[in-house]
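Novice: Next up, my_file-v3.txt (compact mmCIF, C-alpha atoms and all ligand atoms).
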# COMPACT_ATOMS: atom_id res chain seq x y z
CA MET M 1 0.00 0.00 0.00
CA GLN M 2 1.35 3.43 -0.92
CA THR M 3 1.24 5.79 2.06
CA ASP M 4 3.27 8.77 0.90
CA HIS M 5 1.09 10.05 -1.97
CA PHE M 6 0.53 13.26 -0.01
CA LEU M 7 3.09 14.37 2.52
CA PRO M 8 1.82 17.16 4.77
CA PRO M 9 4.49 19.49 6.19
CA CYS M 10 5.30 19.21 9.90
CA ALA M 11 4.94 21.89 12.56
CA LEU M 12 6.16 21.50 16.13
CA THR M 13 4.59 22.97 19.24
CA ILE M 14 6.71 23.30 22.38
CA ALA M 15 4.19 24.26 25.02
CA GLY M 16 2.07 23.25 28.00
CA SER M 17 -0.66 20.62 28.13
CA ASP M 18 -4.19 21.69 29.13
CA SER M 19 -6.02 18.65 30.54
CA GLY M 20 -9.30 20.38 29.66
CA GLY M 21 -8.43 20.38 25.95
CA GLY M 22 -9.13 24.08 25.38
CA ALA M 23 -5.67 25.70 25.26
CA GLY M 24 -2.02 24.74 25.10
CA ILE M 25 -0.74 21.68 23.24
CA GLN M 26 -4.26 20.36 22.69
CA ALA M 27 -5.40 23.57 20.95
CA ASP M 28 -2.15 23.67 18.97
CA LEU M 29 -2.55 20.14 17.60
CA LYS M 30 -6.18 20.81 16.66
CA ALA M 31 -5.15 23.97 14.80
CA PHE M 32 -2.34 22.10 13.01
CA ALA M 33 -4.73 19.31 11.98
CA ALA M 34 -7.34 21.80 10.76
CA HIS M 35 -4.67 23.30 8.49
CA GLY M 36 -3.61 19.94 7.06
CA VAL M 37 -0.26 20.03 8.85
CA HIS M 38 1.28 17.07 10.72
CA GLY M 39 1.63 18.16 14.35
CA LEU M 40 4.59 17.30 16.57
CA SER M 41 4.46 18.19 20.25
CA VAL M 42 7.06 18.63 22.97
CA LEU M 43 5.53 18.97 26.44
CA ALA M 44 7.31 21.72 28.33
CA ALA M 45 4.74 21.78 31.17
CA LEU M 46 1.62 19.93 32.22
CA THR M 47 -1.36 21.72 33.72
CA ALA M 48 -4.28 20.19 35.60
CA GLN M 49 -6.93 22.47 34.18
CA HIS M 50 -10.63 22.78 33.36
CA THR M 51 -12.94 25.54 32.13
CA ARG M 52 -12.81 27.27 35.53
CA GLY M 53 -9.05 27.45 35.96
CA VAL M 54 -5.68 25.78 36.55
CA THR M 55 -5.46 23.56 39.67
CA ALA M 56 -1.85 22.30 39.41
CA VAL M 57 1.26 22.61 37.24
CA HIS M 58 4.02 20.04 36.71
CA VAL M 59 7.22 20.89 34.82
CA PRO M 60 9.33 18.01 33.40
CA ASP M 61 13.07 18.27 33.96
CA PRO M 62 15.13 19.95 31.20
CA GLY M 63 16.87 16.64 30.33
CA PHE M 64 13.58 14.99 29.40
CA LEU M 65 12.55 18.12 27.53
CA ARG M 66 15.75 17.91 25.46
CA ALA M 67 15.10 14.19 24.79
CA GLN M 68 11.70 15.09 23.31
CA LEU M 69 13.25 17.86 21.20
CA ASP M 70 16.05 15.60 19.92
CA ALA M 71 13.51 12.89 19.05
CA CYS M 72 11.55 15.35 16.91
CA PHE M 73 14.48 17.05 15.18
CA ASP M 74 16.32 13.75 14.58
CA ASP M 75 13.50 12.34 12.46
CA PHE M 76 11.29 15.06 10.94
CA ARG M 77 11.86 18.05 8.69
CA ILE M 78 10.43 20.87 10.80
CA PRO M 79 9.99 24.16 8.92
CA ALA M 80 7.97 25.86 11.67
CA VAL M 81 8.01 25.79 15.47
CA LYS M 82 5.52 27.38 17.87
CA LEU M 83 6.49 28.15 21.48
CA GLY M 84 3.78 28.48 24.13
CA MET M 85 3.82 27.98 27.92
CA LEU M 86 7.44 27.37 28.97
CA ALA M 87 6.89 27.76 32.74
CA ASN M 88 10.34 28.82 33.97
CA ALA M 89 13.84 30.01 33.07
CA ALA M 90 15.38 26.51 33.08
CA VAL M 91 12.87 25.33 30.45
CA ILE M 92 13.42 28.47 28.36
CA HIS M 93 17.19 27.93 28.38
CA ALA M 94 16.80 24.25 27.37
CA VAL M 95 14.44 25.18 24.51
CA ALA M 96 16.65 28.05 23.33
CA ASP M 97 19.75 25.80 23.39
CA ALA M 98 17.96 23.22 21.20
CA LEU M 99 16.62 25.83 18.76
CA GLU M 100 20.07 27.40 18.43
CA HIS M 101 21.40 23.92 17.64
CA TYR M 102 18.71 22.80 15.15
CA ARG M 103 17.91 26.25 13.63
CA PRO M 104 14.34 25.70 12.28
CA ALA M 105 13.43 28.24 9.57
CA CYS M 106 10.47 29.79 11.42
CA VAL M 107 9.93 30.22 15.16
CA VAL M 108 6.65 31.71 16.41
CA VAL M 109 6.97 32.82 20.04
CA ASP M 110 3.74 33.17 22.02
CA PRO M 111 5.13 34.62 25.27
CA VAL M 112 2.53 32.96 27.52
CA MET M 113 2.60 34.41 31.04
CA ILE M 114 -0.78 34.46 32.80
CA SER M 115 -3.95 32.58 31.78
CA THR M 116 -7.26 34.33 31.26
CA SER M 117 -8.39 32.65 34.50
CA GLY M 118 -5.49 34.38 36.32
CA ALA M 119 -3.09 31.42 36.75
CA ARG M 120 0.62 32.17 36.49
CA LEU M 121 2.02 30.10 33.57
CA LEU M 122 5.51 31.65 33.64
CA GLU M 123 7.53 32.24 36.82
CA ALA M 124 8.03 35.95 37.50
CA ASP M 125 11.83 35.73 37.39
CA ALA M 126 11.80 34.18 33.88
CA LEU M 127 11.05 37.46 32.04
CA ASP M 128 14.72 38.16 31.38
CA ALA M 129 15.13 34.70 29.84
CA VAL M 130 12.19 35.42 27.49
CA ARG M 131 13.80 38.73 26.45
CA ASP M 132 17.38 37.47 26.21
CA ARG M 133 16.96 33.93 24.84
CA LEU M 134 13.58 33.67 23.06
CA LEU M 135 13.00 37.03 21.39
CA PRO M 136 16.30 36.91 19.44
CA LEU M 137 15.23 33.53 18.01
CA ALA M 138 11.74 34.68 17.04
CA SER M 139 10.61 35.03 13.43
CA LEU M 140 7.39 36.35 15.00
CA VAL M 141 6.33 37.20 18.54
CA THR M 142 2.60 37.25 19.38
CA PRO M 143 2.08 38.97 22.76
CA ASN M 144 -1.26 40.19 24.06
CA LEU M 145 -1.19 43.64 25.65
CA PRO M 146 -0.51 42.52 29.28
CA GLU M 147 2.39 40.36 28.02
CA ALA M 148 3.83 43.19 25.90
CA GLU M 149 3.50 45.56 28.89
CA LEU M 150 5.53 43.15 31.06
CA LEU M 151 8.15 42.67 28.34
CA LEU M 152 8.53 46.42 27.74
CA GLY M 153 7.92 47.64 31.29
CA HIS M 154 5.26 50.25 30.49
CA ALA M 155 1.53 50.61 29.84
CA ILE M 156 0.03 50.29 26.33
CA PRO M 157 -3.29 52.12 26.67
CA ASP M 158 -4.36 52.68 23.05
CA LEU M 159 -3.73 51.94 19.39
CA ALA M 160 -1.07 54.65 19.09
CA ALA M 161 0.82 53.08 22.00
CA MET M 162 0.45 49.68 20.33
CA HIS M 163 2.29 51.04 17.26
CA GLU M 164 5.10 52.35 19.50
CA ALA M 165 5.27 49.07 21.44
CA ALA M 166 5.52 46.98 18.26
CA GLY M 167 8.36 49.26 17.12
CA GLU M 168 10.14 48.78 20.45
CA LEU M 169 9.80 45.00 20.23
CA ARG M 170 11.19 45.08 16.68
CA ALA M 171 14.05 47.30 17.84
CA SER M 172 14.93 44.68 20.47
CA GLY M 173 15.73 42.25 17.63
CA VAL M 174 12.42 40.52 16.84
CA ALA M 175 11.89 40.06 13.09
CA ALA M 176 8.10 40.52 13.15
CA VAL M 177 5.42 41.31 15.74
CA LEU M 178 1.73 40.46 15.92
CA LEU M 179 0.50 42.52 18.89
CA LYS M 180 -2.99 41.41 19.93
CA GLY M 181 -5.34 44.21 20.91
CA GLY M 182 -8.13 42.16 22.52
CA HIS M 183 -7.43 43.73 25.95
CA LEU M 184 -7.74 47.35 24.68
CA GLU M 185 -10.25 49.20 26.87
CA ASP M 186 -11.24 51.73 24.19
CA GLY M 187 -11.30 49.12 21.43
CA GLY M 188 -15.06 49.52 20.88
CA ASN M 189 -16.73 46.88 18.73
CA GLU M 190 -13.54 45.97 16.90
CA VAL M 191 -10.48 43.99 18.02
CA PRO M 192 -7.31 45.38 16.40
CA ASP M 193 -4.31 43.07 16.00
CA LEU M 194 -1.23 44.97 14.84
CA PHE M 195 1.20 43.27 12.44
CA VAL M 196 4.62 44.88 11.92
CA ASP M 197 7.67 43.58 10.08
CA GLU M 198 10.53 45.36 8.31
CA SER M 199 8.38 46.44 5.35
CA THR M 200 4.74 46.27 6.50
CA THR M 201 2.53 47.78 9.19
CA GLU M 202 -1.04 46.52 9.12
CA VAL M 203 -3.94 46.61 11.56
CA ILE M 204 -5.99 43.42 11.22
CA THR M 205 -9.46 43.98 12.69
CA HIS M 206 -12.35 41.69 13.51
CA PRO M 207 -15.69 42.37 15.21
CA ARG M 208 -15.45 41.90 19.00
CA LEU M 209 -17.37 38.80 20.14
CA ASP M 210 -18.87 38.95 23.64
CA LEU M 211 -17.42 35.61 24.78
CA GLU M 212 -15.23 34.50 27.66
CA SER M 213 -12.94 32.35 25.56
CA HIS M 214 -10.04 30.05 26.31
CA GLY M 215 -7.16 29.09 24.05
CA THR M 216 -7.43 31.87 21.46
CA GLY M 217 -3.79 32.96 21.86
CA CYS M 218 -2.49 29.40 21.54
CA THR M 219 -4.67 28.81 18.49
CA LEU M 220 -3.58 32.03 16.78
CA ALA M 221 0.14 31.32 17.18
CA SER M 222 -0.30 27.69 16.04
CA ALA M 223 -2.34 28.71 13.03
CA VAL M 224 0.47 31.13 12.05
CA ALA M 225 3.03 28.33 12.45
CA ALA M 226 0.87 25.99 10.36
CA ASN M 227 0.56 28.61 7.62
CA LEU M 228 4.33 29.15 7.65
CA ALA M 229 4.88 25.38 7.40
CA LEU M 230 2.59 25.46 4.35
CA GLY M 231 4.91 28.04 2.80
CA LYS M 232 2.90 31.25 3.21
CA PRO M 233 4.80 34.50 3.71
CA MET M 234 4.67 35.95 7.24
CA ARG M 235 2.09 38.70 6.65
CA GLN M 236 -0.30 36.32 4.88
CA ALA M 237 0.27 33.66 7.55
CA CYS M 238 -0.79 36.16 10.22
CA VAL M 239 -3.83 37.57 8.36
CA ASP M 240 -5.11 34.05 7.57
CA ALA M 241 -4.47 32.86 11.15
CA SER M 242 -6.37 35.82 12.56
CA ASP M 243 -9.34 35.03 10.28
CA TYR M 244 -9.14 31.38 11.30
CA VAL M 245 -9.32 32.24 15.02
CA HIS M 246 -12.29 34.53 14.42
CA ARG M 247 -14.15 31.74 12.58
CA ALA M 248 -13.21 29.20 15.27
CA LEU M 249 -14.51 31.58 17.94
CA ARG M 250 -17.83 32.03 16.12
CA GLY M 251 -18.34 28.26 16.36
CA SER M 252 -17.10 28.01 19.95
CA TYR M 253 -18.85 25.84 22.54
CA ARG M 254 -18.91 25.35 26.32
CA PRO M 255 -17.75 21.82 27.17
CA GLY M 256 -17.44 22.16 30.98
CA LYS M 257 -19.20 23.77 33.94
CA GLY M 258 -17.34 27.10 33.65
CA LYS M 259 -18.32 30.20 31.68
CA VAL M 260 -15.37 29.68 29.39
CA VAL M 261 -15.89 28.61 25.78
CA VAL M 262 -13.35 26.76 23.66
CA LEU M 263 -12.81 27.12 19.96
CA ASP M 264 -14.39 24.92 17.33
CA HIS M 265 -11.52 24.00 15.01
CA PHE M 266 -13.53 22.12 12.40
N1 LIG B 1 -3.03 26.61 29.63
C1 LIG B 1 -2.00 26.43 28.83
C2 LIG B 1 -1.26 25.13 28.92
C3 LIG B 1 -1.63 27.43 27.95
O1 LIG B 1 -0.59 27.27 27.14
C4 LIG B 1 -2.36 28.64 27.90
C5 LIG B 1 -2.07 29.72 26.99
O2 LIG B 1 -1.20 29.77 26.23
C6 LIG B 1 -3.40 28.79 28.74
C7 LIG B 1 -3.72 27.76 29.59
C8 LIG B 1 -4.16 30.05 28.79
O3 LIG B 1 -5.08 30.15 27.83
P1 LIG B 1 -6.15 31.29 27.99
O4 LIG B 1 -5.44 32.50 28.45
O5 LIG B 1 -6.72 31.42 26.64
O6 LIG B 1 -7.13 30.79 29.01
Spell out the structure here as structure tokens.
Specialist:
Amino acid sequence: MQTDHFLPPCALTIAGSDSGGGAGIQADLKAFAAHGVHGLSVLAALTAQHTRGVTAVHVPDPGFLRAQLDACFDDFRIPAVKLGMLANAAVIHAVADALEHYRPACVVVDPVMISTSGARLLEADALDAVRDRLLPLASLVTPNLPEAELLLGHAIPDLAAMHEAAGELRASGVAAVLLKGGHLEDGGNEVPDLFVDESTTEVITHPRLDLESHGTGCTLASAVAANLALGKPMRQACVDASDYVHRALRGSYRPGKGKVVVLDHF
């Protein structure tokens, strides 16, 4: 039997597991599958989690993390990698060491810090490791406003400040930025996501949906990585991923007892 008539590209997520299946690795793999991309996953953290919050976190030791990374890079061609919850500085250093060694073409960094439910997903003293080790490796960084405020050390109150913040992130060595405006207080009925690279500045807007959602950031970054694995240029990968998340949110459903909805990927 011939099994290689169609060979989908691979994308790798290095992130945290969400036992509730709404965010993290589980959202990433669903987004990869929905894009026709073969998903690889390296578990950098495990969360005990449901639609009301995170109840426990377990972080595997860096040696086991590296074994997972070596297993993936030893066997698969990996054009695109997505980074999500990395939990602490030791994990960040192990991931950065491996990426510097294997040099995948595209690295999408979602600098996950605090969940929508308020759980800390990155230790407070790991911010420097994000700035010093991850941002220089990033083809794209996808912070939400609270994450960008922590990275830059100042408030980002409006769209004008978003433009300045994206410029500052680029000046720190990041190739491209997708700054998510969902937390903007004066955003009105639209959610502006700001894309900036060396030649383009574009505000990607979608109507604001009145939903308490879970896993949108993970899904967006994974959809970008999937699009890059499929060969799309960065701007197109981001615009298409943003549309994808908006569609997935429109079909979202509430699988647990909490208010939170998760995205419908299919
Ligand atoms: N849990 C894990 C493992 C995650 O990686 C993330 C986000 O990246 C979250 C939870 C938080 O998702 P949200 O803020 O959408 O609830």
Novice: Please give me, as a compact mmCIF listing (two decimals) with C-alpha atoms, keeping the file's coordinate frame, the residues lying within 8 Å of ligand LIG 1 (chain B) when counting only C-alpha atoms and all ligand atoms.
Specialist:
# COMPACT_ATOMS: atom_id res chain seq x y z
CA ALA M 15 4.19 24.26 25.02
CA GLY M 16 2.07 23.25 28.00
CA SER M 17 -0.66 20.62 28.13
CA ASP M 18 -4.19 21.69 29.13
CA GLY M 22 -9.13 24.08 25.38
CA ALA M 23 -5.67 25.70 25.26
CA GLY M 24 -2.02 24.74 25.10
CA ILE M 25 -0.74 21.68 23.24
CA ALA M 45 4.74 21.78 31.17
CA LEU M 46 1.62 19.93 32.22
CA THR M 47 -1.36 21.72 33.72
CA GLN M 49 -6.93 22.47 34.18
CA GLY M 53 -9.05 27.45 35.96
CA VAL M 54 -5.68 25.78 36.55
CA GLY M 84 3.78 28.48 24.13
CA MET M 85 3.82 27.98 27.92
CA ASP M 110 3.74 33.17 22.02
CA VAL M 112 2.53 32.96 27.52
CA MET M 113 2.60 34.41 31.04
CA ILE M 114 -0.78 34.46 32.80
CA SER M 115 -3.95 32.58 31.78
CA THR M 116 -7.26 34.33 31.26
CA SER M 117 -8.39 32.65 34.50
CA LEU M 121 2.02 30.10 33.57
CA SER M 213 -12.94 32.35 25.56
CA HIS M 214 -10.04 30.05 26.31
CA GLY M 215 -7.16 29.09 24.05
CA THR M 216 -7.43 31.87 21.46
CA GLY M 217 -3.79 32.96 21.86
CA CYS M 218 -2.49 29.40 21.54
Novice: Between M:Thr142, M:Ser199, M:Thr219, M:Gln236, which one has atoms that come closest to Ala33 (chain M), using only C-alpha atoms?
Specialist: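 When distances to Ala33 (chain M) are compared using only C-alpha atoms, the smallest one comes from M:Thr219.
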Novice: For the point (2.6, 20.2, 9.8) in file coordinates, what residues are within 7 Å, counting all atoms listed in the file? Give the answer as an NGL selection string?
Specialist: :M and (8-11 or 32 or 36-39 or 226 or 229)
Novice: Which residues come within 10 Å of Asp132 (chain M), counting only C-alpha atoms, excluding same-chain residues fewer than 2 positions away, as number ranges by chain?
Specialist: M: 93, 96, 127-130, 134-137, 172-173
Novice: Which of these, M:Glu100, M:Glu212, M:Asp28, M:Glu168, has the shortest distance to Val262 (chain M) once you count all atoms listed in the file?
Specialist: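 For Val262 (chain M), the nearest of the given residues is M:Glu212.
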Novice: Do you know which residues are at most 8 Å from Leu83 (chain M) counting all atoms listed in the file, after dropping those on the same chain fewer than 2 positions away, and could you put them as a ChimeraX atom specification?
Specialist: /M:13-15,81,85-86,107-111
Novice: Which residue, M:Arg120, M:Phe6, M:His50, M:Asn144, has the smallest gap to Gly21 (chain M) when you use all atoms listed in the file?
Specialist: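 Ranked by minimum distance to Gly21 (chain M), first place goes to M:His50.
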Novice: Counting all atoms listed in the file, which residue out of M:Ala160, M:Leu209, M:Lys232, M:Ala44 sits closest to Arg247 (chain M)?
Specialist: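 Closest residue, counting all atoms listed in the file: M:Leu209.
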